[in-house]
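A.B. asks: After the structure tokens below, expect a handful of questions from me.
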Amino acid sequence: MLQNSIDIVMFGMSAAFEWEQGFRNRNFFILQALLKHPRVSRIILVDFVPPTLKRALKEYYYAKLFQGAGALLRGWNFRCTQAKQNLYVYSGISHKPLVKVLTHLGIQRPVLWSYNPLVVDYLADIPHSFFVFDAVDNWSVHSAYRKHAKELVKNYDVIHNDADVIFTVAPELRNVFRGHTQVHWIPNGVDFAHFSTPRAVPQDLASIPHPRLGYTGVIQDRFDVALLSHVVAERPDWHFVLIGDVWPDAHIESLRKYPHVHFFGRKTYDILPAYLQHIDVGIVPHKVNAFTQTMNPLKIYEYLACGKPVVSTPVAGTEMFAHYVSCAPTAQQFQHALTEALRDDSIERVQQRQAFMRAHTWENRVQRMFAIMDTVH
């Protein structure tokens, strides 16, 4: 049973230095909400440990650079720094020294909370009172982890057997843990004030004519280049604003030749609202496949918090917003939905979208998580 005051050891899906550089994901937002929760005493964040030693060493090296010289504890293969009064960041190529860190901090039997299905052996090494796994997408069908698919399937079985509670970002993800009695869908959230507070148009966006159709997020294999290329070719009068890093597996060559497609690269979370507030429609042109059916796109929440109409392919996460997101499975239907979104938008519709999004905060998601955990005995 969950105690009234808890310490958490969180195994992250990112490294803290990535967040310091402006990268954001569900793990970050849940962590921030937990840090403010009255029942959480301390959190030890374990930086993401990659699946190979080479990548682990690289991540550890970058963590040392960004965390500076000061460390609460350190060894040849780890370091632990105090980031805030109630937050410690552990970076290393192994979780083994974690026990030493917990002893130093006087933490006994913490709650283990994980986002990283690539690592599960800590369950046998760290005495704990409760184990939470928050499943963000199905990594076993992610193109980036194709070489580790079998290992991930085995690890999901371990998580299924050992977790007290499993949260999933998408309803379909519950099937990965079928048979577990405490699997609960907790969708993503949004920092409503961050995205709804009006901002000036960024200088590099101001010169691009309207209508502006905007996308934010990593442009990778899930991005349906063929679908968007068809729309782009048909509508040279529309301007497509693509914000985010481009991965090699995206194969976007067919889009780069068009002068009305604009690649902005990554924009940090702090300035992202200024871009989204000054597009006309938010788009989610994702492929519909096994991976995207286990997602819950953060970008949809962010578009709507800015008051923007949204057009998406019918991927997971859109069903929550049936009255506010237009789903279109084909290129022709996608183009038609964009035409409708541009034609029918109004101040009243903007206000309706934003009013709806006010309840979808990260704090509300964490409150729901605690309510569920308190029922587990």
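Chain labels A, B, ... are given in the sequence in which chains occur in the structure tokens; within each chain residues are numbered consecutively from 1, and ligands are likewise numbered from 1 in the order shown.
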Taking the chain letters and numbering used in this document, name the residues of range 74-268 of chain A that DSSP puts in strand (DSSP E), as a PyMOL selection string.
C.D. replies: chain A and resi 74-75+78-84+87-92+111-114+130-135+165-168+183-185+212-216+239-243+261-265
A.B. asks: Given only C-alpha atoms as the basis, pick out the residue of A:Gln203, A:Asp47, A:Gln352, A:Ile107 nearest to Phe78 in chain A.
C.D. replies: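 For Phe78 in chain A, the nearest of the candidates is A:Asp47.
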A.B. asks: Please provide as a list in words all residues within 8 Å of Val232 in chain A, with the sequence filter that same-chain residues fewer than 6 positions apart are discarded (counting only C-alpha atoms).
C.D. replies: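 With the cut-off at 8 Å, the set is Trp238, Phe240, Leu255, Tyr258, His260 and Val261 of chain A.
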A.B. asks: Residues within 10 Å of range 174-185 of chain A, please, as a list in words. Count only C-alpha atoms; anything in the same chain fewer than 4 positions from it doesn't count.
C.D. replies: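 Near neighbours after the sequence-gap exclusion: Phe133, Asp134, Ala135, Asn138, Ser140, Val153, Tyr156, Asp157, Ile159, His160, Asn161, Asp162, Ala163, Asp164, Val165, Ile166, Phe167, Thr168, Val169, Ala170, Thr294, Met369, Ile372, Met373, Thr375 and Val376 of chain A.
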